[in-house]
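Each remark here refers to the structure printed beneath this line.
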Amino acid sequence: MIFSLVFWLVVIYLIVRAFSSRRRRNYRWLQREVPLWEQKNIINPEQGNNILGLYKLKRIEAKGKMDMVRVLTLIGAIFIGVGVIFFVASNWQRIPAHTKTVLLMAVTIFTFYMGYFFSYEKKGFASLGKSLLFLASLFWGGTIALIAQIYHLPTSGNWLIMLIWAFPIVPIAVFFDNEYVHILASALFLIWNFLYTTHNNAANYYYPLIIFLVMLPTAKNLIISRRINISGLVIASLYCCFYKYEWLALLISAGLLAYYLIQKEEFVYLYASGLSFIFWTITFFTVRETLPNFFFLTPMAVILYLSYKNNVRENLVICLVGLLVWLNLSLSSFSRLHGDKFNIINFIVLQSLAGMAIYIAGIISRNRGYLFFEIYKVFGYLVTFVCLYLLSFRGMLDAGAGEIVNNAYFIGCLLLIAVMALLVIDETIKGHFKNKAAYLELAALFAALAGNLILLSNASVGIGTLAANAVLVVFAIINIFLGVELKASSVFTAGTGIFALFIITRYIDVGWRLKEKSLFFIVGGLVILSLGVFLEKQRRRVIERMRQNE
Amino acid sequence: MNKKIILLLVILLWIILALAMIIPNQSILSRGRAVVLETVPVDPRDLLRGDYVVLRYKISSLDLSRIKSEKADYRRGEVIYVRLEPKGRFWEAAAVQSKKTADNVTYIKGRVRQSYNKQLRVVYGIESYFVPEGEGKELERSMLGSKSSVNVEVMVDSSGNALIKKVHLDKR
């Protein structure tokens, strides 16, 4: 299960990052360009607003000059604060303990007052005042660490120190509008929750309550604080998987979803809620084991609906991962109920088939003109490719060979194949597979299906490895042809990439067994260099031809 | 809200919290009864408070088949009171109870961390001893050698709350 969790987390991260960073770059470019077009009278401000409104973007405020005073005073405050904490930690004995406490407490209060004074009483020193308020908050941490040190309070109670540090600085963050202190308090609450959970082995319901009721409402204009608190909630939800706190995970997930519904502009709440619900369903499985969590489908349907409604396409990846995790956990529940053993090949083949089903969903979406079809296609393709790549290693098949087939997963695979067959037949009858590109996609799907069926049929390790490798080669060739057909250089490049990866992996597979490792590296280097030169040459030639044809 | 009032309220809160941390602990040190316990230590480091020595006492492991206990077993996380009696120079566990029963007897309050087959692992809140930078390793070396032993003088108040007063490094 941990393997599955890590695998899907990596997939989510890579895909969301790829999509979001490209989209964010485009949006930023648009935000910079629109004012420029207005300046040159290409468009008027109203048109500019309409363009930005179409993508739900805000105007970028003109950035002021970098405030050196602000930066320097903040860095100075951080240095002094960290210095004092190190001084406390050094446990210097020349000054009596209680004198140290009184001195530090007095310095803390004095710094706090000076922060107030420069912020509100004396005009023109706002930045200094802000940094001094932050410094006083750091000193307060030093003071309580010192008291705890003097009385040798056990380190198992460090969670309490974090809470006593964070809690009284919240009023400074809120009432004195100090974003640095807000960030500090948010980080301290996050650490408090971690220490509380690990030391006490107990669900910390106070953490989400504090974040939902105090920290998030007061962090409306503070992006970093908001992100820290939302990340803290998602991490808290992740802990629940390991500590079996299903109600806590549910509370966090529902709270995040509610926040998104209240503040629809902040998509991070929707991402976090989707992830948190995934952690909740994992926790549900760890607690109940043999009971599939059908309740999970309701929040996922709501999140999916919101993703479409509000045009949050990155969140679709989280929904797809959530559904895959749910499918796996449900099948695991059935497996446990019937006492089936875990079989790695069945497991990976199921993911591969699920990836194909998602790809077909992408084809159908495209044919009917629905939004986000490319997400389904890229996600489905990646999942299927990664699974078949894993299965192309002989060692992987050796691990699962000869074991009893897991019935629940086997039936799951058959059901997926049946659903895919029905969908493809339906699309064919409706005449959607007509052009050459569609035939190529269909051929790749059939190749993947054939490979998966051979692997599922518990064939010998040799035949299974051959099938998985053959599918990879077919994928590479079809990608190259599809790239040429669609005049899409990215698809073509992906094909050459798969081919290169295939050659390198198989070379390492065989070559690593050589006793003479130096020969392996020298020959390997030469092969990779030659392959790189050859593929680059081919790529350039084909892309050039594509351009000429245009 | 008036910022000056917030300023005063936060200062007041800081002072109250600092005193809430100091007064109960100081009261144990000044009014408690001193008991000396035998230890087995190791040396880690805390990010905020510096070097410290982890102390494990003889009374940290209790064998319920050997000492009096009002119950056959205790739950993990349960608060217990261990009756201490002097045996020679050191104080040792004589009985385990869920509640204090007599006022003129010395009890130390602990929490069960592990309970297995009548063996209890108990923590008393006196397992960390903070030392000046660099002295932790020195103390550890002295303790691990056969020439010296480490004993801890602990103050225990009438409610069973304990606090380390002093660590003695005695030559054997």
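By order of appearance in the structure tokens: chains A, B, ..., then residues from 1 within every chain, and ligands from 1 in the order shown.
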
As a compact mmCIF listing (two decimals) with C-alpha atoms, in the first residue's frame, which residues of stretch 6-156 of chain B does DSSP assign to strand (DSSP E)?
```txt
# COMPACT_ATOMS: atom_id res chain seq x y z
CA ARG B 33 11.01 16.23 49.27
CA ALA B 34 14.45 15.25 47.92
CA VAL B 35 14.92 11.70 46.69
CA VAL B 36 18.02 10.29 45.01
CA LEU B 37 17.51 7.97 42.05
CA GLU B 38 19.91 5.75 40.09
CA THR B 39 20.18 6.29 36.32
CA VAL B 40 21.34 4.96 32.93
CA PRO B 41 21.98 7.96 30.57
CA VAL B 42 22.63 8.82 26.85
CA ARG B 45 20.67 17.57 21.51
CA ASP B 46 17.55 19.72 21.43
CA GLY B 50 20.83 22.75 23.53
CA ASP B 51 22.64 19.71 24.92
CA TYR B 52 20.82 17.45 27.29
CA VAL B 53 21.22 14.04 28.79
CA VAL B 54 18.43 11.50 28.52
CA LEU B 55 18.03 9.88 31.90
CA ARG B 56 16.57 6.49 32.47
CA TYR B 57 15.95 5.46 36.05
CA SER B 61 10.95 -0.06 34.40
CA LEU B 62 8.59 -1.67 36.88
CA ASP B 63 8.04 -5.38 37.22
CA LYS B 68 2.99 -4.42 45.12
CA SER B 69 0.35 -3.22 42.72
CA VAL B 79 -1.36 7.97 35.19
CA ILE B 80 0.10 6.01 38.08
CA TYR B 81 1.58 6.84 41.50
CA VAL B 82 4.71 4.97 42.49
CA ARG B 83 5.38 4.78 46.20
CA LEU B 84 9.05 5.44 46.90
CA GLU B 85 10.96 4.10 49.86
CA PRO B 86 14.60 4.71 50.77
CA LYS B 87 16.84 1.66 50.46
CA PHE B 90 18.72 5.53 46.92
CA TRP B 91 14.95 5.61 46.79
CA GLU B 92 13.28 2.70 45.07
CA ALA B 93 9.79 1.75 43.94
CA ALA B 94 7.82 -0.07 46.62
CA ALA B 95 4.28 -0.09 45.20
CA VAL B 96 2.23 1.08 42.22
CA GLN B 97 -1.21 2.66 42.60
CA THR B 106 6.36 9.80 49.15
CA TYR B 107 4.76 9.17 45.79
CA ILE B 108 6.08 10.07 42.36
CA LYS B 109 3.55 10.60 39.57
CA GLY B 110 4.26 8.90 36.25
CA ARG B 111 2.59 7.93 33.00
CA VAL B 112 2.69 4.43 31.53
CA ARG B 113 4.44 4.46 28.13
CA GLN B 114 4.41 0.71 27.58
CA SER B 115 2.71 -2.15 29.31
CA TYR B 116 3.53 -5.71 28.40
CA GLN B 119 6.31 -5.04 32.77
CA LEU B 120 5.68 -1.29 32.80
CA ARG B 121 7.77 1.42 31.12
CA VAL B 122 6.99 4.64 32.96
CA VAL B 123 7.94 8.28 32.38
CA SER B 128 15.80 15.23 30.27
CA TYR B 129 18.67 17.03 32.01
CA PHE B 130 19.97 20.11 30.19
CA SER B 148 31.78 6.61 38.27
CA SER B 149 27.99 6.52 38.47
CA VAL B 150 25.34 9.16 37.93
CA ASN B 151 22.64 9.72 40.49
CA VAL B 152 19.93 12.31 40.34
CA GLU B 153 18.51 14.32 43.17
CA VAL B 154 14.84 14.81 42.43
CA MET B 155 12.36 17.01 44.28
CA VAL B 156 8.88 15.54 44.65
```

Find the residues in chain B near chain A: any atom within 7 Å counts, using only C-alpha atoms. Write them as a PDB file with N, CA and C atoms, in the first residue's frame.
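Full text of iface.pdb as output:
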```
ATOM      1  N   VAL B  10      -1.007  41.507  25.422  1.00  0.00           N
ATOM      2  CA  VAL B  10      -0.006  40.503  25.024  1.00  0.00           C
ATOM      3  C   VAL B  10       1.112  40.432  26.067  1.00  0.00           C
ATOM      4  N   ILE B  11       1.566  41.601  26.545  1.00  0.00           N
ATOM      5  CA  ILE B  11       2.623  41.603  27.575  1.00  0.00           C
ATOM      6  C   ILE B  11       2.128  40.866  28.822  1.00  0.00           C
ATOM      7  N   LEU B  13      -0.192  38.588  28.951  1.00  0.00           N
ATOM      8  CA  LEU B  13      -0.293  37.159  28.623  1.00  0.00           C
ATOM      9  C   LEU B  13       1.075  36.498  28.707  1.00  0.00           C
ATOM     10  N   TRP B  14       2.101  37.178  28.166  1.00  0.00           N
ATOM     11  CA  TRP B  14       3.462  36.639  28.222  1.00  0.00           C
ATOM     12  C   TRP B  14       3.894  36.453  29.676  1.00  0.00           C
ATOM     13  N   ALA B  18       4.697  32.936  31.399  1.00  0.00           N
ATOM     14  CA  ALA B  18       6.042  32.688  31.934  1.00  0.00           C
ATOM     15  C   ALA B  18       5.952  32.306  33.404  1.00  0.00           C
ATOM     16  N   ILE B  22       6.943  29.006  35.538  1.00  0.00           N
ATOM     17  CA  ILE B  22       7.965  29.090  36.599  1.00  0.00           C
ATOM     18  C   ILE B  22       7.410  28.650  37.952  1.00  0.00           C
ATOM     19  N   ASN B  25       6.889  24.876  39.009  1.00  0.00           N
ATOM     20  CA  ASN B  25       8.171  24.168  39.029  1.00  0.00           C
ATOM     21  C   ASN B  25       9.053  24.649  40.176  1.00  0.00           C
ATOM     22  N   LEU B  48      16.194  23.850  20.440  1.00  0.00           N
ATOM     23  CA  LEU B  48      15.944  25.105  21.155  1.00  0.00           C
ATOM     24  C   LEU B  48      16.733  25.218  22.442  1.00  0.00           C
ATOM     25  N   ARG B  49      16.867  24.076  23.117  1.00  0.00           N
ATOM     26  CA  ARG B  49      17.422  24.165  24.468  1.00  0.00           C
ATOM     27  C   ARG B  49      18.832  23.602  24.600  1.00  0.00           C
ATOM     28  N   GLY B  50      19.437  23.169  23.502  1.00  0.00           N
ATOM     29  CA  GLY B  50      20.834  22.754  23.526  1.00  0.00           C
ATOM     30  C   GLY B  50      21.045  21.327  23.993  1.00  0.00           C
ATOM     31  N   GLY B 125       8.557  12.650  33.692  1.00  0.00           N
ATOM     32  CA  GLY B 125       8.804  14.061  33.361  1.00  0.00           C
ATOM     33  C   GLY B 125      10.159  14.537  33.857  1.00  0.00           C
ATOM     34  N   ILE B 126      11.027  13.613  34.220  1.00  0.00           N
ATOM     35  CA  ILE B 126      12.374  13.987  34.697  1.00  0.00           C
ATOM     36  C   ILE B 126      13.423  13.248  33.864  1.00  0.00           C
ATOM     37  N   GLU B 127      13.093  13.018  32.594  1.00  0.00           N
ATOM     38  CA  GLU B 127      13.986  12.199  31.763  1.00  0.00           C
ATOM     39  C   GLU B 127      14.987  13.041  30.973  1.00  0.00           C
ATOM     40  N   SER B 128      14.846  14.382  31.009  1.00  0.00           N
ATOM     41  CA  SER B 128      15.804  15.231  30.272  1.00  0.00           C
ATOM     42  C   SER B 128      16.553  16.125  31.263  1.00  0.00           C
ATOM     43  N   TYR B 129      17.875  16.138  31.147  1.00  0.00           N
ATOM     44  CA  TYR B 129      18.675  17.027  32.011  1.00  0.00           C
ATOM     45  C   TYR B 129      19.547  17.892  31.098  1.00  0.00           C
ATOM     46  N   PHE B 130      19.266  19.194  31.094  1.00  0.00           N
ATOM     47  CA  PHE B 130      19.970  20.114  30.185  1.00  0.00           C
ATOM     48  C   PHE B 130      21.296  20.549  30.798  1.00  0.00           C
ATOM     49  N   VAL B 131      22.341  20.488  29.964  1.00  0.00           N
ATOM     50  CA  VAL B 131      23.690  20.801  30.454  1.00  0.00           C
ATOM     51  C   VAL B 131      24.315  21.874  29.569  1.00  0.00           C
ATOM     52  N   PRO B 132      25.334  22.588  30.083  1.00  0.00           N
ATOM     53  CA  PRO B 132      26.016  23.571  29.238  1.00  0.00           C
ATOM     54  C   PRO B 132      26.622  22.894  28.006  1.00  0.00           C
ATOM     55  N   GLU B 133      26.722  23.691  26.921  1.00  0.00           N
ATOM     56  CA  GLU B 133      27.188  23.163  25.638  1.00  0.00           C
ATOM     57  C   GLU B 133      28.487  22.367  25.789  1.00  0.00           C
ATOM     58  N   LEU B 163      10.749  17.041  39.836  1.00  0.00           N
ATOM     59  CA  LEU B 163      11.616  17.934  39.071  1.00  0.00           C
ATOM     60  C   LEU B 163      13.068  17.636  39.451  1.00  0.00           C
ATOM     61  N   ILE B 164      13.945  17.674  38.460  1.00  0.00           N
ATOM     62  CA  ILE B 164      15.349  17.392  38.766  1.00  0.00           C
ATOM     63  C   ILE B 164      15.951  18.584  39.504  1.00  0.00           C
TER      64      ILE B 164
END
```

Residues of stretch 131-270 of chain A in helix (DSSP H, G or I), written as a VMD selection string: chain A and resid 131 to 150 155 to 175 179 to 200 206 to 218 223 to 243 246 to 262 268 to 270

A:Ile318, A:Val386, A:Val84, A:Ile223: which is nearest A:Ser276, counting only C-alpha atoms?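 Ranking A:Ile318, A:Val386, A:Val84, A:Ile223 by distance to A:Ser276, first place goes to A:Ile318.
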
Suppose you want the space between atom CA of B:Gly134 and atom CA of B:His168; what is it in Å? 17.6 Å

Let me make sure I understand: among B:Asp157, B:Lys118, B:Met21, B:Ile16, which one has the smallest atom-to-atom distance to B:Leu64 if we use only C-alpha atoms? B:Lys118

Near stretch 27-34 of chain A, within 9 Å and counting only C-alpha atoms, which residues show up once chain neighbours fewer than 6 positions away are dropped, as a PDB file with N, CA and C atoms, in the first residue's frame?
```
ATOM      1  N   ILE A  43      -5.127  47.950 -27.561  1.00  0.00           N
ATOM      2  CA  ILE A  43      -6.454  47.686 -26.986  1.00  0.00           C
ATOM      3  C   ILE A  43      -6.744  48.791 -25.976  1.00  0.00           C
ATOM      4  N   PRO A  45      -8.489  50.016 -22.144  1.00  0.00           N
ATOM      5  CA  PRO A  45      -8.528  49.388 -20.821  1.00  0.00           C
ATOM      6  C   PRO A  45      -9.712  48.435 -20.630  1.00  0.00           C
ATOM      7  N   GLY A  48      -8.813  45.302 -22.201  1.00  0.00           N
ATOM      8  CA  GLY A  48      -7.806  44.678 -21.326  1.00  0.00           C
ATOM      9  C   GLY A  48      -8.462  43.948 -20.172  1.00  0.00           C
ATOM     10  N   ASN A  49      -9.434  44.631 -19.547  1.00  0.00           N
ATOM     11  CA  ASN A  49     -10.144  44.006 -18.425  1.00  0.00           C
ATOM     12  C   ASN A  49     -10.888  42.760 -18.878  1.00  0.00           C
ATOM     13  N   ILE A  51     -10.094  40.792 -21.386  1.00  0.00           N
ATOM     14  CA  ILE A  51      -9.131  39.698 -21.644  1.00  0.00           C
ATOM     15  C   ILE A  51      -8.728  39.048 -20.321  1.00  0.00           C
ATOM     16  N   LEU A  52      -8.373  39.894 -19.337  1.00  0.00           N
ATOM     17  CA  LEU A  52      -7.941  39.356 -18.042  1.00  0.00           C
ATOM     18  C   LEU A  52      -9.094  38.616 -17.364  1.00  0.00           C
ATOM     19  N   TYR A  55      -9.768  34.931 -18.240  1.00  0.00           N
ATOM     20  CA  TYR A  55      -8.940  33.925 -17.567  1.00  0.00           C
ATOM     21  C   TYR A  55      -8.944  34.096 -16.053  1.00  0.00           C
ATOM     22  N   LEU A  57      -8.034  36.579 -14.225  1.00  0.00           N
ATOM     23  CA  LEU A  57      -6.755  37.107 -13.733  1.00  0.00           C
ATOM     24  C   LEU A  57      -6.942  38.522 -13.203  1.00  0.00           C
ATOM     25  N   LYS A  58      -6.099  38.858 -12.218  1.00  0.00           N
ATOM     26  CA  LYS A  58      -6.152  40.222 -11.697  1.00  0.00           C
ATOM     27  C   LYS A  58      -5.033  41.034 -12.334  1.00  0.00           C
ATOM     28  N   ARG A  59      -5.191  42.352 -12.302  1.00  0.00           N
ATOM     29  CA  ARG A  59      -4.123  43.204 -12.817  1.00  0.00           C
ATOM     30  C   ARG A  59      -2.941  43.165 -11.861  1.00  0.00           C
ATOM     31  N   ILE A  60      -1.742  43.147 -12.456  1.00  0.00           N
ATOM     32  CA  ILE A  60      -0.551  43.203 -11.606  1.00  0.00           C
ATOM     33  C   ILE A  60      -0.359  44.647 -11.182  1.00  0.00           C
TER      34      ILE A  60
END
```

Please compute the atom CA of A:Ile504-atom CA of A:Leu529 distance, one decimal, in Å.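 For atom CA of A:Ile504 relative to atom CA of A:Leu529, the distance reads 10.9 Å.
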
Residue contacts of A:Ser333 (10 Å, only C-alpha atoms) excluding same-chain residues fewer than 2 positions away, as a count of residues only: 20

For atom CA of A:Cys319 and atom CA of A:Met356, the interatomic separation in Å (one decimal):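 Computing the Euclidean distance for atom CA of A:Cys319 and atom CA of A:Met356 yields 16.3 Å.
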